[in-house]
file my_file34.tsv (TSV, C-alpha atoms)
chain	number	residue	atom	x	y	z
A	1	MET	CA	-45.59	46.20	-95.52
A	2	ASN	CA	-47.63	49.40	-95.83
A	3	ALA	CA	-48.40	48.58	-99.48
A	4	ALA	CA	-49.54	45.08	-98.51
A	5	ILE	CA	-51.80	46.49	-95.80
A	6	ALA	CA	-53.19	49.06	-98.22
A	7	GLY	CA	-53.98	46.21	-100.60
A	8	LEU	CA	-56.19	44.61	-97.93
A	9	GLY	CA	-58.46	47.61	-97.95
A	10	ALA	CA	-60.23	48.89	-94.84
A	11	GLY	CA	-61.38	45.54	-93.51
A	12	PRO	CA	-61.03	44.32	-89.92
A	13	VAL	CA	-57.83	42.44	-90.74
A	14	ALA	CA	-56.21	45.59	-92.10
A	15	ARG	CA	-57.29	47.57	-89.04
A	16	LEU	CA	-55.85	44.94	-86.73
A	17	LEU	CA	-52.59	44.91	-88.68
A	18	LYS	CA	-52.35	48.69	-88.53
A	19	LYS	CA	-52.95	48.66	-84.79
A	20	TYR	CA	-50.32	45.95	-84.39
A	21	ILE	CA	-47.78	47.94	-86.43
A	22	ARG	CA	-48.45	51.08	-84.39
A	23	PHE	CA	-48.08	49.08	-81.20
A	24	ALA	CA	-44.84	47.46	-82.42
A	25	ARG	CA	-43.40	50.84	-83.38
A	26	GLY	CA	-44.40	52.28	-80.02
A	27	VAL	CA	-42.74	49.38	-78.22
A	28	ASP	CA	-39.63	49.75	-80.35
A	29	ASP	CA	-39.41	53.43	-79.40
A	30	LEU	CA	-39.27	52.54	-75.71
A	31	THR	CA	-35.93	52.50	-73.99
A	32	VAL	CA	-34.47	49.32	-72.55
A	33	ALA	CA	-35.09	50.57	-69.02
A	34	GLU	CA	-38.74	51.31	-69.84
A	35	LYS	CA	-39.18	47.84	-71.34
A	36	VAL	CA	-37.58	46.11	-68.37
A	37	TYR	CA	-39.50	48.23	-65.85
A	38	ALA	CA	-42.79	47.63	-67.69
A	39	ILE	CA	-42.28	43.86	-67.73
A	40	ALA	CA	-41.20	43.92	-64.08
A	41	GLY	CA	-44.33	45.94	-63.23
A	42	PHE	CA	-46.61	43.46	-65.00
A	43	LEU	CA	-44.74	40.62	-63.31
A	44	GLY	CA	-45.30	42.28	-59.94
A	45	ILE	CA	-49.02	42.68	-60.66
A	46	VAL	CA	-49.32	39.05	-61.73
A	47	THR	CA	-47.38	37.98	-58.63
A	48	ALA	CA	-49.75	40.01	-56.43
A	49	PHE	CA	-52.77	38.36	-58.07
A	50	LEU	CA	-51.04	35.02	-57.70
A	51	LEU	CA	-50.55	35.66	-53.99
A	52	VAL	CA	-54.18	36.73	-53.53
A	53	MET	CA	-55.45	33.70	-55.44
A	54	SER	CA	-53.15	31.42	-53.42
A	55	VAL	CA	-54.57	32.80	-50.17
A	56	GLN	CA	-58.10	32.45	-51.55
A	57	THR	CA	-57.39	28.88	-52.66
A	58	VAL	CA	-56.02	27.95	-49.25
A	59	ARG	CA	-59.08	29.50	-47.61
A	60	LEU	CA	-61.42	27.60	-49.92
A	61	GLN	CA	-59.54	24.37	-49.31
A	62	ASN	CA	-59.73	24.85	-45.54
A	63	SER	CA	-63.45	25.62	-45.72
A	64	TYR	CA	-63.99	22.63	-47.98
A	65	ARG	CA	-62.06	20.32	-45.66
A	66	ASN	CA	-63.92	21.63	-42.62
A	67	MET	CA	-67.29	21.18	-44.31
A	68	GLN	CA	-66.35	17.73	-45.56
A	69	ALA	CA	-65.11	16.70	-42.12
A	70	SER	CA	-68.21	18.12	-40.46
A	71	SER	CA	-70.53	16.46	-42.98
A	72	ALA	CA	-68.69	13.15	-42.71
A	73	ALA	CA	-68.81	13.25	-38.91
A	74	ALA	CA	-72.49	14.18	-39.02
A	75	ALA	CA	-73.24	11.32	-41.43
A	76	ILE	CA	-71.42	8.83	-39.21
A	77	ASN	CA	-73.05	10.11	-36.00
A	78	SER	CA	-76.47	10.27	-37.66
A	79	GLY	CA	-76.07	6.66	-38.75
A	80	LEU	CA	-75.05	5.63	-35.24
A	81	VAL	CA	-78.01	7.49	-33.75
A	82	ASN	CA	-80.44	5.85	-36.19
A	83	ALA	CA	-78.90	2.45	-35.54
A	84	SER	CA	-79.09	2.92	-31.76
A	85	ILE	CA	-82.69	4.15	-31.92
A	86	TYR	CA	-83.67	1.25	-34.17
A	87	ALA	CA	-81.96	-1.22	-31.82
A	88	ILE	CA	-83.69	0.30	-28.77
A	89	VAL	CA	-87.08	0.15	-30.50
A	90	MET	CA	-86.47	-3.51	-31.46
A	91	ASP	CA	-85.50	-4.37	-27.87
A	92	SER	CA	-88.63	-2.54	-26.68
A	93	ARG	CA	-90.75	-4.71	-28.97
A	94	GLY	CA	-88.94	-7.74	-27.58
A	95	ILE	CA	-90.06	-6.69	-24.09
A	96	TYR	CA	-93.61	-6.26	-25.34
A	97	MET	CA	-93.66	-9.76	-26.77
A	98	SER	CA	-91.77	-11.57	-23.98
A	99	THR	CA	-93.48	-13.62	-21.29
A	100	GLU	CA	-90.39	-14.92	-19.52
A	101	ARG	CA	-88.51	-12.87	-16.95
A	102	ALA	CA	-85.11	-13.89	-18.34
A	103	LYS	CA	-86.00	-12.62	-21.83
A	104	VAL	CA	-87.35	-9.38	-20.39
A	105	ASN	CA	-84.13	-8.81	-18.47
A	106	GLU	CA	-82.10	-9.55	-21.61
A	107	PHE	CA	-84.00	-7.02	-23.69
A	108	ALA	CA	-83.96	-4.53	-20.80
A	109	ASP	CA	-80.17	-4.79	-20.54
A	110	GLY	CA	-79.94	-4.24	-24.31
A	111	ILE	CA	-82.07	-1.10	-24.06
A	112	LEU	CA	-79.97	0.31	-21.22
A	113	LYS	CA	-76.73	-0.52	-23.02
A	114	ARG	CA	-77.81	1.04	-26.28
A	115	SER	CA	-79.26	4.06	-24.48
A	116	HIS	CA	-75.84	4.61	-22.93
A	117	GLU	CA	-74.21	4.23	-26.34
A	118	LEU	CA	-76.72	6.69	-27.80
A	119	ALA	CA	-75.89	9.23	-25.10
A	120	GLU	CA	-72.14	8.76	-25.77
A	121	VAL	CA	-72.70	9.30	-29.51
A	122	MET	CA	-74.51	12.57	-28.82
A	123	LYS	CA	-71.77	13.62	-26.45
A	124	GLY	CA	-69.06	12.95	-29.06
A	125	TRP	CA	-71.13	14.59	-31.80
A	126	GLU	CA	-71.62	17.89	-30.00
A	127	PRO	CA	-68.03	19.29	-30.33
A	128	THR	CA	-68.14	18.88	-34.12
A	129	VAL	CA	-71.41	20.78	-34.56
A	130	ARG	CA	-71.03	24.10	-36.39
A	131	SER	CA	-72.54	27.25	-34.93
A	132	GLU	CA	-75.25	27.48	-37.60
A	133	ASP	CA	-76.41	23.91	-36.76
A	134	PHE	CA	-76.22	24.20	-32.99
A	135	GLU	CA	-79.90	25.14	-32.51
A	136	ARG	CA	-81.14	22.12	-34.46
A	137	PHE	CA	-78.64	19.90	-32.66
A	138	ALA	CA	-79.78	21.21	-29.27
A	139	SER	CA	-83.39	20.35	-30.17
A	140	LEU	CA	-82.32	16.85	-31.26
A	141	LYS	CA	-80.30	16.43	-28.08
A	142	ARG	CA	-83.36	17.26	-25.98
A	143	ARG	CA	-85.46	14.76	-27.96
A	144	ILE	CA	-82.77	12.11	-27.50
A	145	ALA	CA	-82.70	12.77	-23.75
A	146	GLN	CA	-86.52	12.46	-23.64
A	147	PHE	CA	-86.32	9.29	-25.69
A	148	ILE	CA	-83.70	7.76	-23.35
A	149	ASP	CA	-85.69	8.77	-20.26
A	150	PHE	CA	-88.82	7.27	-21.75
A	151	ARG	CA	-87.06	3.97	-22.57
A	152	GLN	CA	-85.48	3.80	-19.14
A	153	GLU	CA	-88.92	4.23	-17.60
A	154	LEU	CA	-90.21	1.53	-19.92
A	155	VAL	CA	-87.43	-0.82	-18.71
A	156	ARG	CA	-88.22	-0.03	-15.08
A	157	ARG	CA	-91.88	-0.85	-15.56
A	158	ALA	CA	-91.06	-4.05	-17.44
A	159	VAL	CA	-88.62	-5.25	-14.77
A	160	GLU	CA	-90.43	-4.06	-11.66
A	161	ILE	CA	-94.06	-4.52	-12.72
A	162	SER	CA	-94.60	-6.61	-15.87
A	163	PRO	CA	-94.08	-6.59	-19.65
A	164	ALA	CA	-97.80	-5.77	-19.98
A	165	ALA	CA	-97.30	-2.61	-17.93
A	166	ALA	CA	-94.33	-1.66	-20.14
A	167	ARG	CA	-96.40	-2.26	-23.27
A	168	GLU	CA	-99.21	-0.15	-21.90
A	169	PHE	CA	-96.71	2.64	-21.17
A	170	GLY	CA	-95.13	2.35	-24.62
A	171	ASP	CA	-98.45	2.52	-26.47
A	172	THR	CA	-99.35	5.96	-25.09
A	173	GLU	CA	-99.66	9.12	-27.18
A	174	ALA	CA	-96.64	10.64	-25.42
A	175	SER	CA	-94.39	7.82	-26.67
A	176	SER	CA	-95.56	8.32	-30.25
A	177	THR	CA	-95.09	12.10	-29.92
A	178	VAL	CA	-91.52	11.77	-28.62
A	179	ARG	CA	-90.64	9.34	-31.37
A	180	SER	CA	-92.15	11.41	-34.18
A	181	ARG	CA	-90.55	14.64	-32.94
A	182	LEU	CA	-87.24	12.85	-32.59
A	183	ASN	CA	-87.46	11.68	-36.20
A	184	ALA	CA	-88.42	15.20	-37.32
A	185	ASP	CA	-85.47	16.80	-35.49
A	186	LEU	CA	-83.09	14.19	-36.84
A	187	GLU	CA	-84.37	14.71	-40.38
A	188	ALA	CA	-84.08	18.51	-40.02
A	189	LEU	CA	-80.47	18.18	-38.87
A	190	GLN	CA	-79.73	15.80	-41.71
A	191	ARG	CA	-81.24	18.25	-44.20
A	192	GLY	CA	-78.91	20.94	-42.81
A	193	TYR	CA	-75.94	18.67	-43.29
A	194	ASN	CA	-77.10	17.77	-46.78
A	195	GLU	CA	-77.21	21.48	-47.56
A	196	ARG	CA	-73.70	21.75	-46.11
A	197	THR	CA	-72.61	18.92	-48.39
A	198	ARG	CA	-73.94	20.80	-51.40
A	199	GLU	CA	-72.09	23.93	-50.21
A	200	ALA	CA	-68.96	21.83	-49.91
A	201	ASP	CA	-69.48	20.66	-53.49
A	202	GLY	CA	-69.79	24.32	-54.52
A	203	LEU	CA	-66.57	25.11	-52.68
A	204	ALA	CA	-64.90	22.20	-54.46
A	205	GLU	CA	-66.00	23.66	-57.79
A	206	GLN	CA	-64.73	27.11	-56.78
A	207	ASN	CA	-61.49	25.48	-55.69
A	208	CYS	CA	-61.16	23.95	-59.16
A	209	TYR	CA	-61.69	27.38	-60.72
A	210	ALA	CA	-59.16	28.91	-58.31
A	211	ALA	CA	-56.66	26.18	-59.21
A	212	GLY	CA	-57.23	27.02	-62.89
A	213	TYR	CA	-56.69	30.72	-62.18
A	214	LEU	CA	-53.52	29.87	-60.25
A	215	PHE	CA	-52.28	27.85	-63.20
A	216	MET	CA	-53.01	30.69	-65.63
A	217	LEU	CA	-51.39	33.29	-63.37
A	218	GLY	CA	-48.36	31.06	-62.88
A	219	LEU	CA	-48.15	30.57	-66.63
A	220	ALA	CA	-48.44	34.34	-67.15
A	221	ALA	CA	-45.67	34.93	-64.60
A	222	LEU	CA	-43.51	32.36	-66.39
A	223	VAL	CA	-44.20	34.01	-69.76
A	224	LEU	CA	-43.35	37.46	-68.36
A	225	ALA	CA	-40.14	36.14	-66.82
A	226	ALA	CA	-39.20	34.53	-70.16
A	227	LEU	CA	-40.11	37.77	-71.96
A	228	ASN	CA	-37.89	39.71	-69.58
A	229	VAL	CA	-35.01	37.33	-70.32
A	230	LEU	CA	-35.62	37.68	-74.08
A	231	VAL	CA	-35.73	41.48	-73.87
A	232	ILE	CA	-32.48	41.58	-71.91
A	233	ARG	CA	-30.85	39.09	-74.27
A	234	ASP	CA	-32.05	40.62	-77.56
A	235	SER	CA	-32.23	44.29	-76.61
A	236	VAL	CA	-29.17	44.47	-74.38
A	237	LEU	CA	-26.73	41.57	-74.52
A	238	ALA	CA	-26.87	40.89	-78.28
A	239	ARG	CA	-26.72	44.61	-79.12
A	240	LEU	CA	-23.84	45.19	-76.71
A	241	SER	CA	-21.99	42.26	-78.27
A	242	ASP	CA	-22.44	43.79	-81.75
A	243	ILE	CA	-21.18	47.18	-80.57
A	244	ALA	CA	-18.25	45.55	-78.71
A	245	GLN	CA	-17.23	43.70	-81.89
A	246	ALA	CA	-17.44	46.95	-83.89
A	247	THR	CA	-15.30	48.69	-81.25
A	248	ASP	CA	-12.69	45.92	-81.46
A	249	ARG	CA	-12.53	46.35	-85.24
A	250	ILE	CA	-12.07	50.10	-84.83
A	251	ARG	CA	-9.35	49.51	-82.23
A	252	THR	CA	-7.45	47.32	-84.70
A	253	GLY	CA	-7.60	50.08	-87.35
A	254	ASP	CA	-10.68	49.09	-89.36
A	255	ILE	CA	-12.23	52.55	-89.41
A	256	GLU	CA	-14.30	51.82	-92.50
A	257	SER	CA	-16.62	49.32	-90.75
A	258	GLU	CA	-20.09	50.51	-89.82
A	259	VAL	CA	-21.28	50.68	-86.21
A	260	PRO	CA	-24.64	48.83	-85.89
A	261	HIS	CA	-27.87	50.03	-84.21
A	262	LEU	CA	-27.29	53.75	-84.87
A	263	ARG	CA	-30.99	54.40	-85.55
A	264	ARG	CA	-32.23	53.04	-82.23
A	265	GLN	CA	-33.59	55.64	-79.82
A	266	ASP	CA	-32.79	53.80	-76.60
A	267	GLU	CA	-29.62	53.39	-74.55
A	268	ILE	CA	-28.18	51.00	-77.13
A	269	GLY	CA	-28.60	53.64	-79.84
A	270	ARG	CA	-26.85	56.24	-77.71
A	271	LEU	CA	-24.01	53.81	-77.05
A	272	ALA	CA	-23.78	53.03	-80.78
A	273	ARG	CA	-23.59	56.74	-81.62
A	274	ALA	CA	-20.86	57.16	-79.00
A	275	ALA	CA	-18.95	54.30	-80.69
A	276	GLN	CA	-19.52	56.06	-84.02
A	277	ASN	CA	-18.03	59.27	-82.58
A	278	PHE	CA	-15.10	57.21	-81.30
A	279	ARG	CA	-14.62	55.79	-84.80
A	280	ASP	CA	-14.68	59.28	-86.30
A	281	ALA	CA	-12.16	60.48	-83.73
A	282	VAL	CA	-9.87	57.55	-84.52
A	283	ALA	CA	-10.22	58.31	-88.22
A	284	GLN	CA	-9.24	61.93	-87.59
A	285	VAL	CA	-6.23	60.77	-85.55
A	286	PHE	CA	-5.18	58.49	-88.42
A	287	GLU	CA	-5.61	61.40	-90.88
A	288	LEU	CA	-3.50	63.68	-88.69
A	289	GLU	CA	-0.81	61.01	-88.40
A	290	GLN	CA	-0.80	60.54	-92.19
A	291	LEU	CA	-0.65	64.31	-92.69
A	292	GLU	CA	2.27	64.56	-90.25
A	293	PHE	CA	4.00	61.70	-92.07
A	294	ASP	CA	3.50	63.45	-95.44
A	295	LEU	CA	4.80	66.74	-94.02
A	296	CYS	CA	7.87	64.97	-92.66
A	297	LYS	CA	8.52	63.45	-96.05
A	298	GLN	CA	8.13	66.85	-97.77
A	299	ARG	CA	10.41	68.47	-95.18
A	300	ASP	CA	13.07	65.79	-95.65
A	301	ALA	CA	12.82	66.18	-99.43
A	302	ALA	CA	13.13	70.00	-99.14
A	303	MET	CA	16.13	69.70	-96.85
A	304	ALA	CA	17.77	67.20	-99.20
A	305	GLU	CA	17.12	69.56	-102.14
A	306	ARG	CA	18.48	72.50	-100.16
A	307	ASP	CA	21.64	70.60	-99.27
A	308	ALA	CA	22.10	69.56	-102.89
A	309	PHE	CA	21.60	73.17	-104.05
A	310	ASN	CA	24.04	74.45	-101.40
A	311	ASP	CA	26.64	71.89	-102.43
A	312	LYS	CA	26.19	72.93	-106.04
A	313	TYR	CA	26.42	76.59	-105.08
A	314	GLN	CA	29.59	76.05	-103.07
A	315	SER	CA	31.08	74.07	-105.94
A	316	LYS	CA	30.27	76.84	-108.44
A	317	LYS	CA	31.59	79.42	-106.01
A	318	ARG	CA	34.87	77.56	-105.63
A	319	GLN	CA	35.14	77.18	-109.39
A	320	LEU	CA	34.49	80.90	-109.88
A	321	SER	CA	36.93	81.84	-107.18
A	322	ALA	CA	39.61	79.59	-108.65
A	323	ALA	CA	39.06	81.11	-112.14
A	324	ILE	CA	39.32	84.68	-110.85
A	325	ASN	CA	42.41	84.01	-108.78
A	326	SER	CA	44.12	82.31	-111.70
A	327	MET	CA	43.93	85.49	-113.87
A	328	PRO	CA	47.28	87.34	-114.14
A	329	GLN	CA	45.67	90.76	-114.11
A	330	GLY	CA	44.10	92.40	-111.10
A	331	LEU	CA	40.30	92.13	-111.17
A	332	ILE	CA	37.60	93.79	-109.15
A	333	MET	CA	33.83	93.78	-109.72
A	334	LEU	CA	31.46	96.40	-108.30
A	335	ASP	CA	27.64	96.58	-108.24
A	336	GLY	CA	25.53	99.62	-109.06
A	337	LYS	CA	26.15	101.11	-105.63
A	338	ALA	CA	29.92	100.65	-105.91
A	339	ARG	CA	29.99	97.76	-103.52
A	340	VAL	CA	32.64	95.11	-104.12
A	341	ILE	CA	31.24	91.93	-105.53
A	342	ALA	CA	34.45	90.06	-106.40
A	343	MET	CA	38.21	90.72	-106.18
A	344	ASN	CA	41.15	88.51	-107.08
A	345	SER	CA	44.35	88.13	-105.13
A	346	ASN	CA	46.46	89.97	-107.69
A	347	TYR	CA	44.36	93.11	-107.32
A	348	ARG	CA	44.57	92.82	-103.52
A	349	ARG	CA	48.34	92.60	-103.64
A	350	MET	CA	48.60	95.46	-106.11
A	351	TYR	CA	46.57	97.80	-103.99
A	352	ASN	CA	47.40	96.19	-100.64
A	353	CYS	CA	43.71	95.57	-99.79
A	354	PRO	CA	42.93	93.67	-96.60
A	355	ARG	CA	41.54	90.17	-96.93
A	356	PRO	CA	37.94	89.90	-95.64
A	357	SER	CA	37.72	87.70	-92.55
A	358	ASN	CA	34.51	85.96	-93.67
A	359	GLN	CA	35.46	85.39	-97.30
A	360	GLY	CA	37.94	83.26	-99.11
A	361	PRO	CA	40.46	84.63	-101.59
A	362	ARG	CA	39.00	86.64	-104.41

call {"tool": "encode", "arguments": {"input": "my_file34.tsv", "output": "structure tokens"}}
result
Amino acid sequence: MNAAIAGLGAGPVARLLKKYIRFARGVDDLTVAEKVYAIAGFLGIVTAFLLVMSVQTVRLQNSYRNMQASSAAAAINSGLVNASIYAIVMDSRGIYMSTERAKVNEFADGILKRSHELAEVMKGWEPTVRSEDFERFASLKRRIAQFIDFRQELVRRAVEISPAAAREFGDTEASSTVRSRLNADLEALQRGYNERTREADGLAEQNCYAAGYLFMLGLAALVLAALNVLVIRDSVLARLSDIAQATDRIRTGDIESEVPHLRRQDEIGRLARAAQNFRDAVAQVFELEQLEFDLCKQRDAAMAERDAFNDKYQSKKRQLSAAINSMPQGLIMLDGKARVIAMNSNYRRMYNCPRPSNQGPR
């Protein structure tokens, strides 16, 4: 590997490979506990980020839903207000152009009915208005109230006086001012809600990004969990199984088999070296047992040889004793210090020598 990297020269690929090899060696030097704790730490960090992003996503979704609901309600209420105003204006023109009392009353009833509906729409709209839009809504509400008051006065003049009087009242500068200001306030409020709609679209885009981040963090958590399982399986369970198999072989007497993973510097390496010491101890026990067996064999052989030599000695002694006793003459043998070595029975009788208590006849 080092030769192959050296052959690549000093390019970026070689530098990356060298960094990867140093990193791999550094990881391999870590203990199992350090590996598991490191992965668990990274998993905890990813889980914390996942929790924060989940809370942020929920907050964005709530804000988006609130803005969408507020914008949708505003769009509906704005459409109802425009429709009511348009209907009231059309009924007002009907009063202007009518010459019959029945037609005037019909258009007057329409104006009063739609004015009531317009007031109800504003009343139902108000609770859904956000705090930042309340000032513009209050201005629109005042213009709507002025518009309704003006149209009610127009109806009163048309019913009580004449359609001509109502037309004269409706063609004044005040009527045009109320209508133009009402349109301006309504347009300003609609612009605010359009801006809110664009903000909601921005929140939707942020929500998409947050969902992507959640997916990536979840994937990272899944990868870390799988990596933790792989580390436990490869660095712990598989190595323990190898050492257990080696221990079983040693227990059955196979003391020549090698114990794996002796060069590891983690807990598995220490356990493997302990199994190696156990194997050496078992080998020493077997050597001691073999030595004891050999000594027993040598002792038995020596005892058998001693017994054979003793039997031979006793046989020779009996033969010698029989030969001496069978001689007709008296015989005595002394050593250099005049101690009796042998004496036959004839000599003992001749000189009346006592028979030794621990010796046979000589």

call {"tool": "closest_residue", "arguments": {"input": "my_file34.tsv", "among": "A:Asn194, A:Ser98, A:Ser257, A:Asn183", "to": "Asp280 (chain A)", "atoms": "only C-alpha atoms"}}
result
A:Ser257

call {"tool": "residues_near_point", "arguments": {"input": "my_file34.tsv", "point": "(-92.8, 7.3, -19.6)", "cutoff": "9 Å", "atoms": "all atoms listed in the file", "output": "PyMOL selection string"}}
result
chain A and resi 149-154+169-170+172+174-175

call {"tool": "residues_around", "arguments": {"input": "my_file34.tsv", "residues": "Ile341 (chain A)", "least_positions_apart": "4", "cutoff": "12 Å", "atoms": "only C-alpha atoms", "output": "list in words"}}
result
Ser321, Leu331, Ile332, Met333, Leu334, Asp335, Gly336, Lys337, Gln359 and Arg362 of chain A

call {"tool": "residues_around", "arguments": {"input": "my_file34.tsv", "residues": "Ala184 (chain A)", "least_positions_apart": "6", "cutoff": "10 Å", "atoms": "all atoms listed in the file", "output": "list of chain:residue names"}}
result
A:Leu140, A:Arg143, A:Val178, A:Gln190

call {"tool": "closest_residue", "arguments": {"input": "my_file34.tsv", "among": "A:Ile144, A:Ala75, A:Ala158, A:Ala69", "to": "Thr99 (chain A)", "atoms": "all atoms listed in the file"}}
result
A:Ala158

call {"tool": "closest_residue", "arguments": {"input": "my_file34.tsv", "among": "A:Asp254, A:Glu120, A:Arg263, A:Ile268", "to": "Leu237 (chain A)", "atoms": "only C-alpha atoms"}}
result
A:Ile268

call {"tool": "closest_residue", "arguments": {"input": "my_file34.tsv", "among": "A:Glu100, A:Glu173, A:Asp91, A:Asp201", "to": "Ser71 (chain A)", "atoms": "all atoms listed in the file"}}
result
A:Asp201

call {"tool": "atom_distance", "arguments": {"input": "my_file34.tsv", "atom1": "CA of Leu189 (chain A)", "atom2": "CA of Leu203 (chain A)"}}
result
20.8 Å

call {"tool": "residues_around", "arguments": {"input": "my_file34.tsv", "residues": "Pro127 (chain A)", "least_positions_apart": "4", "cutoff": "12 Å", "atoms": "only C-alpha atoms", "output": "PyMOL selection string"}}
result
chain A and resi 70+73-74+77+121-123+131+133-134+137-138

call {"tool": "residues_around", "arguments": {"input": "my_file34.tsv", "residues": "region 281-291 of chain A", "least_positions_apart": "6", "cutoff": "9 Å", "atoms": "all atoms listed in the file", "output": "list in words"}}
result
Ile250, Arg251, Gly253, Ile255 and Glu256 of chain A

call {"tool": "write_last_selection", "arguments": {"input": "my_file34.tsv", "atoms": "C-alpha atoms", "output": "compact mmCIF listing (two decimals), in the coordinates of the input"}}
result
# COMPACT_ATOMS: atom_id res chain seq x y z
CA ILE A 250 -12.07 50.10 -84.83
CA ARG A 251 -9.35 49.51 -82.23
CA GLY A 253 -7.60 50.08 -87.35
CA ILE A 255 -12.23 52.55 -89.41
CA GLU A 256 -14.30 51.82 -92.50

call {"tool": "residues_around", "arguments": {"input": "my_file34.tsv", "residues": "Val155 (chain A)", "least_positions_apart": "5", "cutoff": "12 Å", "atoms": "only C-alpha atoms", "output": "PyMOL selection string"}}
result
chain A and resi 88-89+91-96+104-113+115+148-150+160-167+169-170
